[in-house]
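Source file: final-v1.pdb; contents: PDB, C-alpha atoms, pLDDT in the B column.
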ATOM      1  CA  MET A   1       5.478  97.092 180.014  1.00 55.00           C
ATOM      2  CA  MET A   2       7.907  94.828 181.835  1.00 56.00           C
ATOM      3  CA  LYS A   3       9.362  96.008 185.115  1.00 59.00           C
ATOM      4  CA  CYS A   4      12.966  95.266 186.012  1.00 54.00           C
ATOM      5  CA  SER A   5      13.893  93.140 188.980  1.00 61.00           C
ATOM      6  CA  ARG A   6      14.581  95.020 192.203  1.00 78.00           C
ATOM      7  CA  LEU A   7      18.181  93.902 191.953  1.00 86.00           C
ATOM      8  CA  ASN A   8      18.671  96.863 189.599  1.00 89.00           C
ATOM      9  CA  THR A   9      17.044 100.271 189.646  1.00 89.00           C
ATOM     10  CA  MET A  10      17.692 103.415 187.650  1.00 87.00           C
ATOM     11  CA  GLU A  11      19.691 104.720 190.606  1.00 87.00           C
ATOM     12  CA  THR A  12      21.822 101.590 191.153  1.00 84.00           C
ATOM     13  CA  PHE A  13      22.335 101.168 187.403  1.00 82.00           C
ATOM     14  CA  LYS A  14      24.556 104.257 187.471  1.00 81.00           C
ATOM     15  CA  ASN A  15      27.042 102.232 189.514  1.00 81.00           C
ATOM     16  CA  GLY A  16      26.807  99.080 187.405  1.00 84.00           C
ATOM     17  CA  PHE A  17      24.412  96.325 186.458  1.00 89.00           C
ATOM     18  CA  SER A  18      24.012  93.434 188.878  1.00 92.00           C
ATOM     19  CA  ILE A  19      23.034  89.859 188.172  1.00 91.00           C
ATOM     20  CA  GLU A  20      22.354  87.051 190.587  1.00 92.00           C
ATOM     21  CA  ARG A  21      23.682  83.644 189.666  1.00 93.00           C
ATOM     22  CA  ASP A  22      23.926  80.584 191.892  1.00 95.00           C
ATOM     23  CA  GLY A  23      23.078  82.662 194.952  1.00 92.00           C
ATOM     24  CA  LYS A  24      25.841  85.201 194.322  1.00 95.00           C
ATOM     25  CA  VAL A  25      25.430  88.770 193.109  1.00 93.00           C
ATOM     26  CA  TYR A  26      27.828  90.025 190.457  1.00 93.00           C
ATOM     27  CA  THR A  27      28.000  93.691 189.500  1.00 92.00           C
ATOM     28  CA  LEU A  28      29.487  94.827 186.222  1.00 92.00           C
ATOM     29  CA  THR A  29      32.056  97.574 186.603  1.00 87.00           C
ATOM     30  CA  GLU A  30      31.818 100.872 184.736  1.00 84.00           C
ATOM     31  CA  GLU A  31      34.330  99.550 182.192  1.00 89.00           C
ATOM     32  CA  GLU A  32      32.367  96.318 181.757  1.00 91.00           C
ATOM     33  CA  MET A  33      29.182  98.359 181.272  1.00 89.00           C
ATOM     34  CA  PHE A  34      30.937 100.435 178.604  1.00 92.00           C
ATOM     35  CA  ASP A  35      32.082  97.274 176.844  1.00 94.00           C
ATOM     36  CA  PHE A  36      28.572  95.817 177.021  1.00 93.00           C
ATOM     37  CA  ARG A  37      26.964  98.942 175.572  1.00 93.00           C
ATOM     38  CA  PHE A  38      29.640  99.221 172.895  1.00 97.00           C
ATOM     39  CA  LEU A  39      29.114  95.638 171.749  1.00 97.00           C
ATOM     40  CA  ASP A  40      25.319  95.968 171.958  1.00 97.00           C
ATOM     41  CA  ASN A  41      25.494  98.975 169.629  1.00 97.00           C
ATOM     42  CA  ALA A  42      27.994  97.197 167.368  1.00 98.00           C
ATOM     43  CA  ILE A  43      25.618  94.246 167.008  1.00 98.00           C
ATOM     44  CA  THR A  44      22.834  96.638 166.025  1.00 98.00           C
ATOM     45  CA  GLY A  45      25.141  98.094 163.355  1.00 98.00           C
ATOM     46  CA  GLN A  46      25.997  94.582 162.198  1.00 98.00           C
ATOM     47  CA  ASN A  47      22.273  93.825 161.892  1.00 98.00           C
ATOM     48  CA  CYS A  48      21.883  96.931 159.730  1.00 97.00           C
ATOM     49  CA  LEU A  49      24.629  95.677 157.426  1.00 98.00           C
ATOM     50  CA  ASP A  50      23.002  92.241 157.288  1.00 97.00           C
ATOM     51  CA  ASN A  51      19.647  93.818 156.392  1.00 97.00           C
ATOM     52  CA  TYR A  52      21.305  95.900 153.684  1.00 97.00           C
ATOM     53  CA  ARG A  53      23.098  92.806 152.376  1.00 96.00           C
ATOM     54  CA  ASP A  54      19.715  91.143 151.821  1.00 96.00           C
ATOM     55  CA  ILE A  55      18.748  93.851 149.316  1.00 95.00           C
ATOM     56  CA  ALA A  56      22.171  94.641 147.856  1.00 94.00           C
ATOM     57  CA  ASP A  57      22.276  94.077 144.140  1.00 90.00           C
ATOM     58  CA  ASP A  58      25.967  94.740 143.701  1.00 93.00           C
ATOM     59  CA  ASP A  59      28.408  91.861 144.333  1.00 95.00           C
ATOM     60  CA  ASP A  60      31.091  94.373 145.299  1.00 95.00           C
ATOM     61  CA  GLU A  61      28.854  95.733 148.076  1.00 96.00           C
ATOM     62  CA  VAL A  62      28.182  92.200 149.309  1.00 96.00           C
ATOM     63  CA  ASP A  63      31.923  91.507 149.386  1.00 97.00           C
ATOM     64  CA  VAL A  64      32.566  94.662 151.409  1.00 97.00           C
ATOM     65  CA  ILE A  65      29.725  93.842 153.816  1.00 97.00           C
ATOM     66  CA  ASP A  66      31.103  90.334 154.297  1.00 97.00           C
ATOM     67  CA  ARG A  67      34.511  91.851 155.051  1.00 97.00           C
ATOM     68  CA  ILE A  68      33.391  94.563 157.508  1.00 98.00           C
ATOM     69  CA  ARG A  69      30.365  93.015 159.254  1.00 97.00           C
ATOM     70  CA  ASN A  70      32.557  91.557 162.016  1.00 97.00           C
ATOM     71  CA  ASP A  71      34.524  94.740 162.650  1.00 98.00           C
ATOM     72  CA  GLU A  72      33.149  95.959 165.980  1.00 98.00           C
ATOM     73  CA  GLU A  73      34.315  99.541 165.527  1.00 98.00           C
ATOM     74  CA  ILE A  74      32.842  99.907 162.025  1.00 98.00           C
ATOM     75  CA  CYS A  75      29.541  98.381 163.146  1.00 98.00           C
ATOM     76  CA  TYR A  76      29.441 100.595 166.254  1.00 98.00           C
ATOM     77  CA  ASN A  77      30.172 103.715 164.180  1.00 98.00           C
ATOM     78  CA  LEU A  78      27.514 102.750 161.629  1.00 98.00           C
ATOM     79  CA  ASN A  79      24.907 102.412 164.357  1.00 97.00           C
ATOM     80  CA  GLN A  80      25.955 105.709 165.952  1.00 97.00           C
ATOM     81  CA  SER A  81      25.738 107.479 162.577  1.00 96.00           C
ATOM     82  CA  ILE A  82      22.237 106.129 162.055  1.00 95.00           C
ATOM     83  CA  LEU A  83      21.187 107.210 165.545  1.00 93.00           C
ATOM     84  CA  ASP A  84      22.698 110.663 165.043  1.00 91.00           C
ATOM     85  CA  ASP A  85      20.636 111.163 161.877  1.00 90.00           C
ATOM     86  CA  VAL A  86      17.453 109.690 163.335  1.00 89.00           C
ATOM     87  CA  LEU A  87      17.677 111.753 166.511  1.00 86.00           C
ATOM     88  CA  THR A  88      18.495 115.065 164.837  1.00 86.00           C
ATOM     89  CA  ASP A  89      15.866 117.702 165.575  1.00 79.00           C
ATOM     90  CA  THR A  90      13.906 115.539 167.997  1.00 87.00           C
ATOM     91  CA  ALA A  91      13.644 118.206 170.682  1.00 83.00           C
ATOM     92  CA  CYS A  92      10.040 119.048 169.759  1.00 86.00           C
ATOM     93  CA  VAL A  93       8.967 115.410 169.904  1.00 88.00           C
ATOM     94  CA  GLU A  94      10.753 114.953 173.221  1.00 89.00           C
ATOM     95  CA  TYR A  95       9.129 118.090 174.632  1.00 91.00           C
ATOM     96  CA  GLU A  96       5.640 117.013 173.532  1.00 92.00           C
ATOM     97  CA  LYS A  97       6.039 113.483 174.913  1.00 93.00           C
ATOM     98  CA  CYS A  98       7.309 114.819 178.253  1.00 93.00           C
ATOM     99  CA  GLN A  99       4.307 117.132 178.441  1.00 94.00           C
ATOM    100  CA  LYS A 100       1.949 114.217 177.701  1.00 95.00           C
ATOM    101  CA  TYR A 101       3.449 111.978 180.390  1.00 95.00           C
ATOM    102  CA  ILE A 102       3.452 114.789 182.949  1.00 95.00           C
ATOM    103  CA  LYS A 103      -0.203 115.529 182.173  1.00 94.00           C
ATOM    104  CA  ASP A 104      -1.158 111.842 182.291  1.00 94.00           C
ATOM    105  CA  ASN A 105       0.579 111.371 185.638  1.00 95.00           C
ATOM    106  CA  ARG A 106      -0.121 114.705 187.321  1.00 91.00           C
ATOM    107  CA  ASN A 107      -2.969 113.483 189.515  1.00 83.00           C
ATOM    108  CA  LYS A 108      -1.832 109.899 190.090  1.00 82.00           C
ATOM    109  CA  ASP A 109      -0.737 108.832 193.521  1.00 68.00           C
TER
END
What would the structure in this file look like if it were written as structure tokens?
Amino acid sequence: MMKCSRLNTMETFKNGFSIERDGKVYTLTEEEMFDFRFLDNAITGQNCLDNYRDIADDDDEVDVIDRIRNDEEICYNLNQSILDDVLTDTACVEYEKCQKYIKDNRNKD
């Protein structure tokens, strides 16, 4: 597993993501972070549409995909809908994984 640079930690990330470029540190604002996450999720939704397009056998579907694949809001909402369905009823899995990691790390210093 890759560790993040010390420029950003889970604690500092709450206040924005920082990058260092040309010796200067730039920190994204809360609004910039929202925009970044929104677009990141929209791109994932766009990728889903592109994957579906590869198997679509209906020219009308392909036409619609070609029309909507660059609409950030539609792509974001598609990705969120997929995540909502995938993550439904995951409490048991989350509970079991937390237990496993707690057990595995209980006696580590």
For Ile19 (chain A), the nearest of the candidates A:Leu7, A:Asp50, A:Thr44, A:Ile65, counting all atoms listed in the file: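 Once distances to Ile19 (chain A) are computed over all atoms listed in the file, the minimum belongs to A:Leu7.
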Please enclose the listed atoms of region 41-51 of chain A in an axis-aligned box, pad each side by 5 Å, and write out the centre and the three edge lengths in Å, rounded to one decimal, as AutoDock Vina command-line options.
--center_x 23.8 --center_y 95.6 --center_z 163.0 --size_x 18.3 --size_y 16.7 --size_z 23.2
Å distance separating CA of Asn41 (chain A) from CA of Ile82 (chain A), one decimal place: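 CA of Ile82 (chain A) lies at a distance of 10.9 Å from CA of Asn41 (chain A).
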Option closest in space to Phe34 (chain A), from A:Phe17, A:Asn70, A:Asn47, A:Cys92 [counting all atoms listed in the file]: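 Of the candidates, the smallest distance to Phe34 (chain A) is held by A:Phe17.
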Counting all atoms listed in the file, the residue of A:Leu28, A:Val93, A:Leu39, A:Leu49 that sits nearest Val62 (chain A):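 Comparing A:Leu28, A:Val93, A:Leu39, A:Leu49 against Val62 (chain A), the winner is A:Leu49.
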Which residue of A:Asp22, A:Glu73, A:Glu31, A:Glu61 approaches Gln46 (chain A) most closely, using only C-alpha atoms: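 Using only C-alpha atoms, the shortest distance to Gln46 (chain A) belongs to A:Glu73.
Between CA of Arg37 (chain A) and CA of Glu11 (chain A) there is a distance of 17.7 Å.
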Point-to-point distance from CA of Ile68 (chain A) to CA of Met33 (chain A), Å rounded to tenths: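 The value is 24.4 Å.
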Protein and nucleic acid residues near (33.1, 95.6, 169.7) (cut-off 8 Å, all atoms listed in the file) as an mmCIF file with C-alpha atoms, in the coordinates of the input:
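Heads up, here's the output in selection.cif:
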data_model
loop_
_atom_site.group_PDB
_atom_site.id
_atom_site.type_symbol
_atom_site.label_atom_id
_atom_site.label_comp_id
_atom_site.auth_asym_id
_atom_site.auth_seq_id
_atom_site.Cartn_x
_atom_site.Cartn_y
_atom_site.Cartn_z
ATOM 1 C CA ASP A 35 32.082 97.274 176.844
ATOM 2 C CA PHE A 38 29.640 99.221 172.895
ATOM 3 C CA LEU A 39 29.114 95.638 171.749
ATOM 4 C CA ALA A 42 27.994 97.197 167.368
ATOM 5 C CA ASP A 71 34.524 94.740 162.650
ATOM 6 C CA GLU A 72 33.149 95.959 165.980
ATOM 7 C CA GLU A 73 34.315 99.541 165.527
ATOM 8 C CA CYS A 75 29.541 98.381 163.146
ATOM 9 C CA TYR A 76 29.441 100.595 166.254
#
Among listed residues A:Asn8, A:Asn105, A:Asn51, A:Asn15, nearest Thr29 (chain A) (using all atoms listed in the file):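 That would be A:Asn15, the residue with the smallest distance to Thr29 (chain A).
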Nearest to Arg53 (chain A) by atom-to-atom distance, counting all atoms listed in the file, from A:Asp66, A:Lys97, A:Arg6, A:Gln80: A:Asp66
